[in-house]
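Q: Sending over entry_25.tsv (TSV, C-alpha atoms).
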```tsv
chain	number	residue	atom	x	y	z
A	657	MET	CA	48.83	-15.93	7.42
A	658	PRO	CA	46.79	-14.58	4.57
A	659	THR	CA	48.18	-11.47	3.02
A	660	THR	CA	46.01	-8.67	1.74
A	661	GLN	CA	46.52	-8.15	-1.94
A	662	THR	CA	47.17	-4.51	-2.75
A	663	GLN	CA	45.87	-3.27	-6.08
A	664	THR	CA	46.85	-0.14	-7.93
A	665	VAL	CA	44.13	1.79	-9.70
A	666	THR	CA	43.91	5.09	-11.54
A	667	VAL	CA	41.59	7.64	-9.98
A	668	ARG	CA	40.00	10.34	-12.14
A	669	ILE	CA	39.87	13.65	-10.30
A	670	PRO	CA	37.08	16.19	-11.00
A	671	THR	CA	38.31	19.53	-12.35
A	672	PRO	CA	38.33	21.72	-9.20
A	673	LEU	CA	39.99	19.03	-7.07
A	674	ARG	CA	43.02	18.64	-9.30
A	675	SER	CA	44.72	21.56	-7.56
A	676	TYR	CA	44.67	19.41	-4.39
A	677	ALA	CA	46.20	16.46	-6.23
A	678	GLY	CA	49.30	17.85	-7.86
A	679	ASP	CA	47.33	19.43	-10.72
A	680	GLN	CA	46.76	16.00	-12.23
A	681	LYS	CA	43.66	14.75	-14.01
A	682	THR	CA	44.34	11.29	-12.65
A	683	ALA	CA	46.25	9.94	-9.68
A	684	GLU	CA	47.28	6.45	-8.65
A	685	ALA	CA	45.99	4.88	-5.47
A	686	GLU	CA	46.25	1.46	-3.88
A	687	GLY	CA	43.63	-0.63	-2.17
A	688	ALA	CA	41.82	-3.94	-2.31
A	689	THR	CA	38.48	-2.12	-2.23
A	690	VAL	CA	37.20	1.21	-3.49
A	691	GLY	CA	37.03	2.51	0.08
A	692	ASP	CA	40.65	1.56	0.68
A	693	ALA	CA	41.79	3.14	-2.57
A	694	LEU	CA	40.03	6.42	-1.77
A	695	ALA	CA	41.49	6.40	1.73
A	696	ASP	CA	44.93	5.86	0.19
A	697	LEU	CA	44.32	8.74	-2.20
A	698	ALA	CA	43.37	10.99	0.72
A	699	GLU	CA	46.53	9.87	2.50
A	700	ARG	CA	48.67	10.82	-0.49
A	701	TYR	CA	46.86	14.14	-0.98
A	702	PRO	CA	45.63	15.21	2.46
A	703	ASP	CA	43.92	18.35	1.14
A	704	LEU	CA	41.55	16.11	-0.78
A	705	ARG	CA	40.23	14.53	2.39
A	706	GLU	CA	37.91	17.30	3.49
A	707	GLN	CA	36.68	17.75	-0.06
A	708	LEU	CA	35.61	14.11	-0.30
A	709	TYR	CA	34.57	13.26	3.27
A	710	ASP	CA	32.25	14.93	5.75
A	711	GLY	CA	33.00	15.37	9.45
A	712	ASP	CA	31.83	11.83	10.18
A	713	GLY	CA	34.27	10.35	7.71
A	714	ASP	CA	31.55	9.47	5.19
A	715	LEU	CA	31.80	10.38	1.54
A	716	ARG	CA	29.90	13.61	0.99
A	717	SER	CA	26.42	13.12	-0.42
A	718	PHE	CA	27.29	14.65	-3.79
A	719	VAL	CA	30.41	12.49	-4.23
A	720	ASN	CA	29.72	9.50	-6.45
A	721	VAL	CA	32.28	6.88	-7.37
A	722	TYR	CA	32.45	4.75	-10.50
A	723	VAL	CA	34.66	1.78	-11.25
A	724	GLY	CA	34.86	1.74	-15.01
A	725	ASP	CA	31.29	2.49	-16.07
A	726	GLU	CA	29.65	1.13	-12.92
A	727	ASP	CA	28.37	3.32	-10.11
A	728	ILE	CA	29.59	1.62	-6.93
A	729	ARG	CA	26.14	2.14	-5.38
A	730	HIS	CA	25.14	-0.84	-7.53
A	731	THR	CA	28.21	-2.98	-6.89
A	732	GLY	CA	28.66	-2.96	-3.13
A	733	GLY	CA	29.58	0.62	-2.35
A	734	ALA	CA	32.93	1.25	-0.69
A	735	GLU	CA	33.38	-2.50	-0.27
A	736	THR	CA	33.48	-3.00	-4.04
A	737	SER	CA	36.61	-5.03	-4.66
A	738	LEU	CA	39.34	-4.01	-7.06
A	739	ASP	CA	41.43	-6.29	-9.27
A	740	GLY	CA	43.99	-3.62	-10.07
A	741	GLY	CA	44.27	-1.56	-13.21
A	742	GLU	CA	40.71	-0.23	-13.07
A	743	GLU	CA	39.79	3.36	-13.56
A	744	VAL	CA	38.02	4.72	-10.49
A	745	SER	CA	36.20	8.01	-11.14
A	746	ILE	CA	35.13	10.58	-8.57
A	747	VAL	CA	31.97	12.12	-10.04
A	748	PRO	CA	29.95	14.94	-8.49
A	749	SER	CA	26.21	15.17	-8.76
A	750	VAL	CA	24.47	18.53	-8.64
A	751	ALA	CA	21.07	19.56	-7.44
A	752	GLY	CA	19.27	22.64	-6.24
A	753	GLY	CA	16.56	24.92	-7.45
A	754	ALA	CA	14.77	28.17	-6.98
A	755	PHE	CA	13.02	27.24	-3.74
A	756	GLY	CA	14.15	24.90	-1.02
B	1190	MET	CA	34.10	33.90	-14.67
B	1191	ARG	CA	34.91	34.52	-18.28
B	1192	ALA	CA	32.37	33.38	-20.83
B	1193	THR	CA	31.69	33.90	-24.50
B	1194	ASP	CA	28.46	35.52	-25.69
B	1195	ASP	CA	27.58	32.18	-27.26
B	1196	VAL	CA	27.72	30.52	-23.83
B	1197	LEU	CA	25.67	33.22	-22.12
B	1198	ASN	CA	23.06	33.23	-24.87
B	1199	ALA	CA	22.82	29.43	-24.89
B	1200	ILE	CA	22.08	29.51	-21.15
B	1201	ARG	CA	19.40	32.18	-21.64
B	1202	ARG	CA	17.85	30.19	-24.47
B	1203	HIS	CA	17.78	26.96	-22.48
B	1204	GLY	CA	16.21	28.72	-19.51
B	1205	ALA	CA	13.44	30.13	-21.72
B	1206	GLU	CA	12.83	26.81	-23.50
B	1207	ALA	CA	12.61	24.87	-20.24
B	1208	TYR	CA	10.11	27.35	-18.73
B	1209	PRO	CA	8.05	26.85	-16.60
B	1210	GLU	CA	10.39	24.08	-15.49
B	1211	GLU	CA	14.01	24.54	-14.48
B	1212	GLY	CA	16.56	23.90	-17.21
B	1213	CYS	CA	20.08	22.85	-16.34
B	1214	GLY	CA	23.39	21.82	-17.81
B	1215	PHE	CA	27.15	21.98	-17.70
B	1216	LEU	CA	29.73	24.60	-18.58
B	1217	LEU	CA	32.77	23.34	-20.46
B	1218	GLY	CA	36.02	25.23	-20.76
B	1219	GLU	CA	39.18	25.80	-18.80
B	1220	MET	CA	39.84	26.16	-15.08
B	1221	ASN	CA	43.04	27.52	-13.60
B	1222	ALA	CA	44.22	29.60	-10.67
B	1223	ASP	CA	42.64	32.70	-12.24
B	1224	GLY	CA	39.23	31.05	-12.34
B	1225	VAL	CA	36.91	29.62	-14.94
B	1226	ARG	CA	36.66	30.34	-18.64
B	1227	ALA	CA	33.52	28.82	-20.12
B	1228	THR	CA	33.61	28.30	-23.86
B	1229	ARG	CA	30.83	25.79	-24.41
B	1230	VAL	CA	27.50	24.74	-22.94
B	1231	HIS	CA	26.49	21.10	-22.57
B	1232	ARG	CA	22.73	20.88	-22.10
B	1233	ALA	CA	21.33	18.20	-19.84
B	1234	GLY	CA	17.86	17.10	-18.91
B	1235	ASN	CA	16.40	18.02	-15.53
B	1236	GLU	CA	16.36	14.59	-13.87
B	1237	ARG	CA	14.07	15.54	-11.01
B	1238	ALA	CA	11.01	13.31	-11.06
B	1239	THR	CA	8.80	15.91	-9.40
B	1240	GLU	CA	8.71	19.65	-8.69
B	1241	ARG	CA	10.71	20.44	-11.81
B	1242	GLU	CA	9.34	24.00	-11.68
B	1243	ARG	CA	11.50	24.70	-8.66
B	1244	ARG	CA	14.12	21.97	-8.39
B	1245	PHE	CA	16.72	20.40	-10.64
B	1246	THR	CA	19.09	17.45	-10.57
B	1247	LEU	CA	22.15	16.67	-12.66
B	1248	SER	CA	23.02	13.03	-12.11
B	1249	PRO	CA	26.53	11.58	-11.95
B	1250	ALA	CA	25.75	9.80	-15.23
B	1251	ALA	CA	25.00	13.18	-16.82
B	1252	TYR	CA	28.26	14.53	-15.42
B	1253	ARG	CA	30.16	11.66	-17.00
B	1254	THR	CA	28.51	12.33	-20.35
B	1255	ALA	CA	29.44	16.01	-20.11
B	1256	GLU	CA	32.97	15.11	-19.05
B	1257	ALA	CA	33.36	12.85	-22.10
B	1258	ALA	CA	32.10	15.63	-24.38
B	1259	ALA	CA	34.55	18.02	-22.75
B	1260	GLU	CA	37.46	15.64	-23.22
B	1261	ASP	CA	36.60	15.15	-26.89
B	1262	ALA	CA	36.87	18.92	-27.29
B	1263	GLY	CA	40.05	19.24	-25.23
B	1264	LEU	CA	38.09	20.96	-22.45
B	1265	ASP	CA	37.05	20.27	-18.87
B	1266	VAL	CA	33.76	20.50	-16.97
B	1267	VAL	CA	34.16	23.87	-15.27
B	1268	GLY	CA	30.71	24.60	-13.92
B	1269	PHE	CA	26.96	24.23	-13.99
B	1270	TYR	CA	23.94	26.36	-14.81
B	1271	HIS	CA	20.28	26.18	-13.99
B	1272	SER	CA	17.28	28.42	-14.36
B	1273	HIS	CA	15.05	29.99	-11.73
B	1274	PRO	CA	11.59	30.31	-13.31
B	1275	ASP	CA	9.79	33.37	-11.94
B	1276	ALA	CA	12.33	33.66	-9.14
B	1277	PRO	CA	15.41	35.81	-8.54
B	1278	ALA	CA	18.73	34.72	-10.06
B	1279	ARG	CA	20.22	34.18	-6.62
B	1280	PRO	CA	21.26	30.86	-5.04
B	1281	SER	CA	18.66	29.32	-2.74
B	1282	GLU	CA	19.34	27.40	0.46
B	1283	THR	CA	18.90	24.23	-1.57
B	1284	ASP	CA	21.44	25.42	-4.11
B	1285	LEU	CA	23.93	25.90	-1.28
B	1286	THR	CA	23.23	22.59	0.43
B	1287	GLU	CA	23.38	20.52	-2.71
B	1288	ALA	CA	26.25	22.21	-4.55
B	1289	PRO	CA	29.31	20.04	-5.01
B	1290	PHE	CA	32.88	21.33	-4.85
B	1291	SER	CA	34.16	24.88	-4.62
B	1292	GLY	CA	35.98	26.00	-7.75
B	1293	TYR	CA	33.22	25.33	-10.26
B	1294	ALA	CA	31.29	28.27	-11.71
B	1295	TYR	CA	27.62	28.18	-10.71
B	1296	VAL	CA	25.45	30.16	-13.11
B	1297	ILE	CA	21.78	31.01	-12.57
B	1298	ILE	CA	19.48	32.41	-15.23
B	1299	GLY	CA	16.30	34.03	-14.00
B	1300	VAL	CA	13.31	33.52	-16.30
B	1301	GLU	CA	10.27	35.76	-15.97
B	1302	ASP	CA	7.07	34.84	-17.79
B	1303	GLY	CA	9.11	32.68	-20.12
B	1304	GLN	CA	11.61	35.40	-20.98
B	1305	PRO	CA	15.27	35.23	-19.87
B	1306	ALA	CA	16.04	37.85	-17.23
B	1307	ALA	CA	19.10	38.35	-15.00
B	1308	LEU	CA	22.03	36.01	-15.50
B	1309	THR	CA	24.38	35.71	-12.52
B	1310	ALA	CA	27.49	33.67	-11.68
B	1311	TRP	CA	28.56	32.44	-8.26
B	1312	GLN	CA	31.48	30.77	-6.55
B	1313	LEU	CA	30.97	28.42	-3.62
B	1314	ALA	CA	33.08	29.57	-0.65
B	1315	PRO	CA	35.78	27.01	0.18
B	1316	ASP	CA	34.14	26.32	3.55
B	1317	ARG	CA	30.79	25.79	1.78
B	1318	SER	CA	29.16	28.40	4.01
B	1319	ARG	CA	27.83	30.62	1.22
B	1320	PHE	CA	27.90	31.58	-2.42
B	1321	VAL	CA	29.88	34.65	-3.46
B	1322	GLU	CA	28.77	36.48	-6.58
B	1323	ASP	CA	31.31	36.34	-9.38
B	1324	ASP	CA	31.77	38.94	-12.11
B	1325	ILE	CA	31.05	37.74	-15.61
B	1326	THR	CA	33.63	38.93	-18.10
B	1327	ARG	CA	32.53	38.59	-21.70
B	1328	ASP	CA	35.15	36.75	-23.62
B	1329	ALA	CA	35.46	37.75	-27.24
B	1330	ALA	CA	37.34	34.60	-28.19
B	1331	ALA	CA	35.63	32.40	-30.73
B	1332	THR	CA	33.83	29.38	-29.35
B	1333	PRO	CA	35.52	26.22	-30.58
B	1334	SER	CA	33.12	23.91	-32.30
```
Re-express the file's structure as C-alpha cells.
A:
Amino acid sequence: MPTTQTQTVTVRIPTPLRSYAGDQKTAEAEGATVGDALADLAERYPDLREQLYDGDGDLRSFVNVYVGDEDIRHTGGAETSLDGGEEVSIVPSVAGGAFG
Amino acid sequence: MRATDDVLNAIRRHGAEAYPEEGCGFLLGEMNADGVRATRVHRAGNERATERERRFTLSPAAYRTAEAAAEDAGLDVVGFYHSHPDAPARPSETDLTEAPFSGYAYVIIGVEDGQPAALTAWQLAPDRSRFVEDDITRDAAATPS
C-alpha cells in the first residue's frame, strides 16, 4: 500500500493571529499539500480555524498563501505539494474605499 | 491605538498627495494585548486598476514587502491606512466587507479639496460585524529610523 508522505513546514502567522497560535510568529505544520498543512495548523490551534476559513470551509477571500515567494494561486492552490522544510506564509490582502 | 506625530502626519501627507485618488499603506510597530502602537508608516501604491478615487487595494505582495521592511526594523505590520477623498473618515460597507483580520488598526484620513481633514482609527469587531472607533493616543516616543 502506498503511504502518504508527511512533510513538516514552517507557517508564518500574520501579526493579529499570533495570539491564537501560542504568541508565535511561526508555527510548524504537517501536510503533503498546502491545504493539508493549513488544516493541520487549524487542528493544532483551533482558534485559528474561524480566522482563516469561512462557514463553508473555504479560505476567506482576503487570506492569501505563499510557499516561499510563490503565491499558491499560481502553483495549484491548496493542492500545491510540499517537499518539507518550506516556509508557508499566510498573507492578508486589504481593500476598501470611501464608497461601496 | 498609540501613534507618534510622525506617523499621523505621514498619513495626512500621503492622503493629500494622493488626492483626488485614495492613498493607502501599512502601519508598522508593535501589537500586544493592550493594542497597537504604530511607530512607522510604510507607503504603498493603490493597486486598484479603476475607480481609484473611491476604492483602494493593498495586494498580498505589498503586504509581504511591508512585512519585510517591518522585520528589518524589528517591528511588525500592525495596521493599514487609506484616505477618503471628499468623504467622511468613517469606514464604508466596502471597508467592512474587505477588511482582513480583527486586531489590526484601521486608520482613515479624510481629505477635503486636497487638504487633510479628520483622521480616525478603527478596530474590526472580532465577529467582523462592524468597526468600532478607537481612540488615538499620541505617543511622544521618538520614531526609530
Q: Select, as an NGL selection string, those residues of chain A with any atom no more than 10 Å from chain B (distances computed using all atoms listed in the file).
A: :A and (670-675 or 679 or 681 or 706-708 or 716-722 or 725-727 or 745-756)
Q: Provide the CA of Gly741 in chain A to CA of Thr664 in chain A distance in Å, to one decimal place.
A: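 It comes out at 6.0 Å.
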Q: Here's a test: counting all atoms listed in the file, identify every protein, DNA and RNA residue with an atom at most 8 Å from (16.6, 23.3, -22.2) in the file's coordinate frame, and state them as a ChimeraX atom specification.
A: /B:1202-1207,1212-1213,1232-1234
Q: Could you tell me how far CA of Asp1324 in chain B sits from CA of Trp1311 in chain B, in Å to one decimal place?
A: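 So the two atoms, CA of Trp1311 in chain B and CA of Asp1324 in chain B, lie 8.2 Å apart.
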Q: Between CA of Thr666 in chain A and CA of Glu686 in chain A, what is the distance in Å, rounded to a tenth?
A: 8.8 Å
Q: Every residue with an atom at most 12 Å from (40.5, 2.9, 0.3) (file coordinates; only C-alpha atoms) is what I'm after, so could you write them as a VMD selection string?
A: chain A and resid 662 to 665 667 684 to 700 705 715 721 733 to 738 744
Q: Go ahead and save the picked residues with C-alpha atoms, as a PDB file, in the coordinates of the input.
A:
```pdb
ATOM      1  CA  THR A 662      47.170  -4.510  -2.750  1.00  0.00           C
ATOM      2  CA  GLN A 663      45.870  -3.270  -6.080  1.00  0.00           C
ATOM      3  CA  THR A 664      46.850  -0.140  -7.930  1.00  0.00           C
ATOM      4  CA  VAL A 665      44.130   1.790  -9.700  1.00  0.00           C
ATOM      5  CA  VAL A 667      41.590   7.640  -9.980  1.00  0.00           C
ATOM      6  CA  GLU A 684      47.280   6.450  -8.650  1.00  0.00           C
ATOM      7  CA  ALA A 685      45.990   4.880  -5.470  1.00  0.00           C
ATOM      8  CA  GLU A 686      46.250   1.460  -3.880  1.00  0.00           C
ATOM      9  CA  GLY A 687      43.630  -0.630  -2.170  1.00  0.00           C
ATOM     10  CA  ALA A 688      41.820  -3.940  -2.310  1.00  0.00           C
ATOM     11  CA  THR A 689      38.480  -2.120  -2.230  1.00  0.00           C
ATOM     12  CA  VAL A 690      37.200   1.210  -3.490  1.00  0.00           C
ATOM     13  CA  GLY A 691      37.030   2.510   0.080  1.00  0.00           C
ATOM     14  CA  ASP A 692      40.650   1.560   0.680  1.00  0.00           C
ATOM     15  CA  ALA A 693      41.790   3.140  -2.570  1.00  0.00           C
ATOM     16  CA  LEU A 694      40.030   6.420  -1.770  1.00  0.00           C
ATOM     17  CA  ALA A 695      41.490   6.400   1.730  1.00  0.00           C
ATOM     18  CA  ASP A 696      44.930   5.860   0.190  1.00  0.00           C
ATOM     19  CA  LEU A 697      44.320   8.740  -2.200  1.00  0.00           C
ATOM     20  CA  ALA A 698      43.370  10.990   0.720  1.00  0.00           C
ATOM     21  CA  GLU A 699      46.530   9.870   2.500  1.00  0.00           C
ATOM     22  CA  ARG A 700      48.670  10.820  -0.490  1.00  0.00           C
ATOM     23  CA  ARG A 705      40.230  14.530   2.390  1.00  0.00           C
ATOM     24  CA  LEU A 715      31.800  10.380   1.540  1.00  0.00           C
ATOM     25  CA  VAL A 721      32.280   6.880  -7.370  1.00  0.00           C
ATOM     26  CA  GLY A 733      29.580   0.620  -2.350  1.00  0.00           C
ATOM     27  CA  ALA A 734      32.930   1.250  -0.690  1.00  0.00           C
ATOM     28  CA  GLU A 735      33.380  -2.500  -0.270  1.00  0.00           C
ATOM     29  CA  THR A 736      33.480  -3.000  -4.040  1.00  0.00           C
ATOM     30  CA  SER A 737      36.610  -5.030  -4.660  1.00  0.00           C
ATOM     31  CA  LEU A 738      39.340  -4.010  -7.060  1.00  0.00           C
ATOM     32  CA  VAL A 744      38.020   4.720 -10.490  1.00  0.00           C
TER      33      VAL A 744
END
```
Q: Please complete range 1239-1253 of chain B so it has N, CA, C and O atoms, and hand it over as a PDB file, in the frame of the given file.
A:
```pdb
ATOM      1  N   THR B1239       9.921  15.051  -9.801  1.00  0.00           N
ATOM      2  CA  THR B1239       8.800  15.910  -9.400  1.00  0.00           C
ATOM      3  C   THR B1239       9.310  17.323  -9.163  1.00  0.00           C
ATOM      4  O   THR B1239      10.523  17.551  -9.077  1.00  0.00           O
ATOM      5  N   GLU B1240       8.394  18.254  -9.045  1.00  0.00           N
ATOM      6  CA  GLU B1240       8.710  19.650  -8.690  1.00  0.00           C
ATOM      7  C   GLU B1240       9.743  20.269  -9.624  1.00  0.00           C
ATOM      8  O   GLU B1240      10.585  21.050  -9.174  1.00  0.00           O
ATOM      9  N   ARG B1241       9.688  19.929 -10.900  1.00  0.00           N
ATOM     10  CA  ARG B1241      10.710  20.440 -11.810  1.00  0.00           C
ATOM     11  C   ARG B1241      10.587  21.944 -12.029  1.00  0.00           C
ATOM     12  O   ARG B1241      11.479  22.551 -12.601  1.00  0.00           O
ATOM     13  N   GLU B1242       9.477  22.538 -11.562  1.00  0.00           N
ATOM     14  CA  GLU B1242       9.340  24.000 -11.680  1.00  0.00           C
ATOM     15  C   GLU B1242      10.236  24.723 -10.677  1.00  0.00           C
ATOM     16  O   GLU B1242      10.455  25.922 -10.799  1.00  0.00           O
ATOM     17  N   ARG B1243      10.706  23.993  -9.677  1.00  0.00           N
ATOM     18  CA  ARG B1243      11.500  24.700  -8.660  1.00  0.00           C
ATOM     19  C   ARG B1243      12.699  23.902  -8.181  1.00  0.00           C
ATOM     20  O   ARG B1243      13.389  24.316  -7.261  1.00  0.00           O
ATOM     21  N   ARG B1244      12.958  22.773  -8.787  1.00  0.00           N
ATOM     22  CA  ARG B1244      14.120  21.970  -8.390  1.00  0.00           C
ATOM     23  C   ARG B1244      14.768  21.374  -9.639  1.00  0.00           C
ATOM     24  O   ARG B1244      14.115  21.182 -10.654  1.00  0.00           O
ATOM     25  N   PHE B1245      16.065  21.076  -9.531  1.00  0.00           N
ATOM     26  CA  PHE B1245      16.720  20.400 -10.640  1.00  0.00           C
ATOM     27  C   PHE B1245      17.729  19.400 -10.084  1.00  0.00           C
ATOM     28  O   PHE B1245      18.192  19.523  -8.951  1.00  0.00           O
ATOM     29  N   THR B1246      18.048  18.425 -10.906  1.00  0.00           N
ATOM     30  CA  THR B1246      19.090  17.450 -10.570  1.00  0.00           C
ATOM     31  C   THR B1246      19.902  17.141 -11.814  1.00  0.00           C
ATOM     32  O   THR B1246      19.345  16.931 -12.893  1.00  0.00           O
ATOM     33  N   LEU B1247      21.217  17.154 -11.646  1.00  0.00           N
ATOM     34  CA  LEU B1247      22.150  16.670 -12.660  1.00  0.00           C
ATOM     35  C   LEU B1247      22.810  15.428 -12.075  1.00  0.00           C
ATOM     36  O   LEU B1247      23.534  15.516 -11.085  1.00  0.00           O
ATOM     37  N   SER B1248      22.545  14.289 -12.683  1.00  0.00           N
ATOM     38  CA  SER B1248      23.020  13.030 -12.110  1.00  0.00           C
ATOM     39  C   SER B1248      24.505  12.824 -12.384  1.00  0.00           C
ATOM     40  O   SER B1248      25.082  13.447 -13.280  1.00  0.00           O
ATOM     41  N   PRO B1249      25.132  11.901 -11.640  1.00  0.00           N
ATOM     42  CA  PRO B1249      26.530  11.580 -11.950  1.00  0.00           C
ATOM     43  C   PRO B1249      26.687  11.023 -13.358  1.00  0.00           C
ATOM     44  O   PRO B1249      27.700  11.276 -14.012  1.00  0.00           O
ATOM     45  N   ALA B1250      25.666  10.310 -13.851  1.00  0.00           N
ATOM     46  CA  ALA B1250      25.750   9.800 -15.230  1.00  0.00           C
ATOM     47  C   ALA B1250      25.791  10.966 -16.215  1.00  0.00           C
ATOM     48  O   ALA B1250      26.545  10.942 -17.199  1.00  0.00           O
ATOM     49  N   ALA B1251      24.988  11.993 -15.943  1.00  0.00           N
ATOM     50  CA  ALA B1251      25.000  13.180 -16.820  1.00  0.00           C
ATOM     51  C   ALA B1251      26.352  13.873 -16.746  1.00  0.00           C
ATOM     52  O   ALA B1251      26.873  14.353 -17.761  1.00  0.00           O
ATOM     53  N   TYR B1252      26.932  13.912 -15.551  1.00  0.00           N
ATOM     54  CA  TYR B1252      28.260  14.530 -15.420  1.00  0.00           C
ATOM     55  C   TYR B1252      29.274  13.785 -16.263  1.00  0.00           C
ATOM     56  O   TYR B1252      30.099  14.379 -16.952  1.00  0.00           O
ATOM     57  N   ARG B1253      29.198  12.447 -16.218  1.00  0.00           N
ATOM     58  CA  ARG B1253      30.160  11.660 -17.000  1.00  0.00           C
ATOM     59  C   ARG B1253      30.000  11.891 -18.497  1.00  0.00           C
ATOM     60  O   ARG B1253      30.980  11.944 -19.240  1.00  0.00           O
TER      61      ARG B1253
END
```
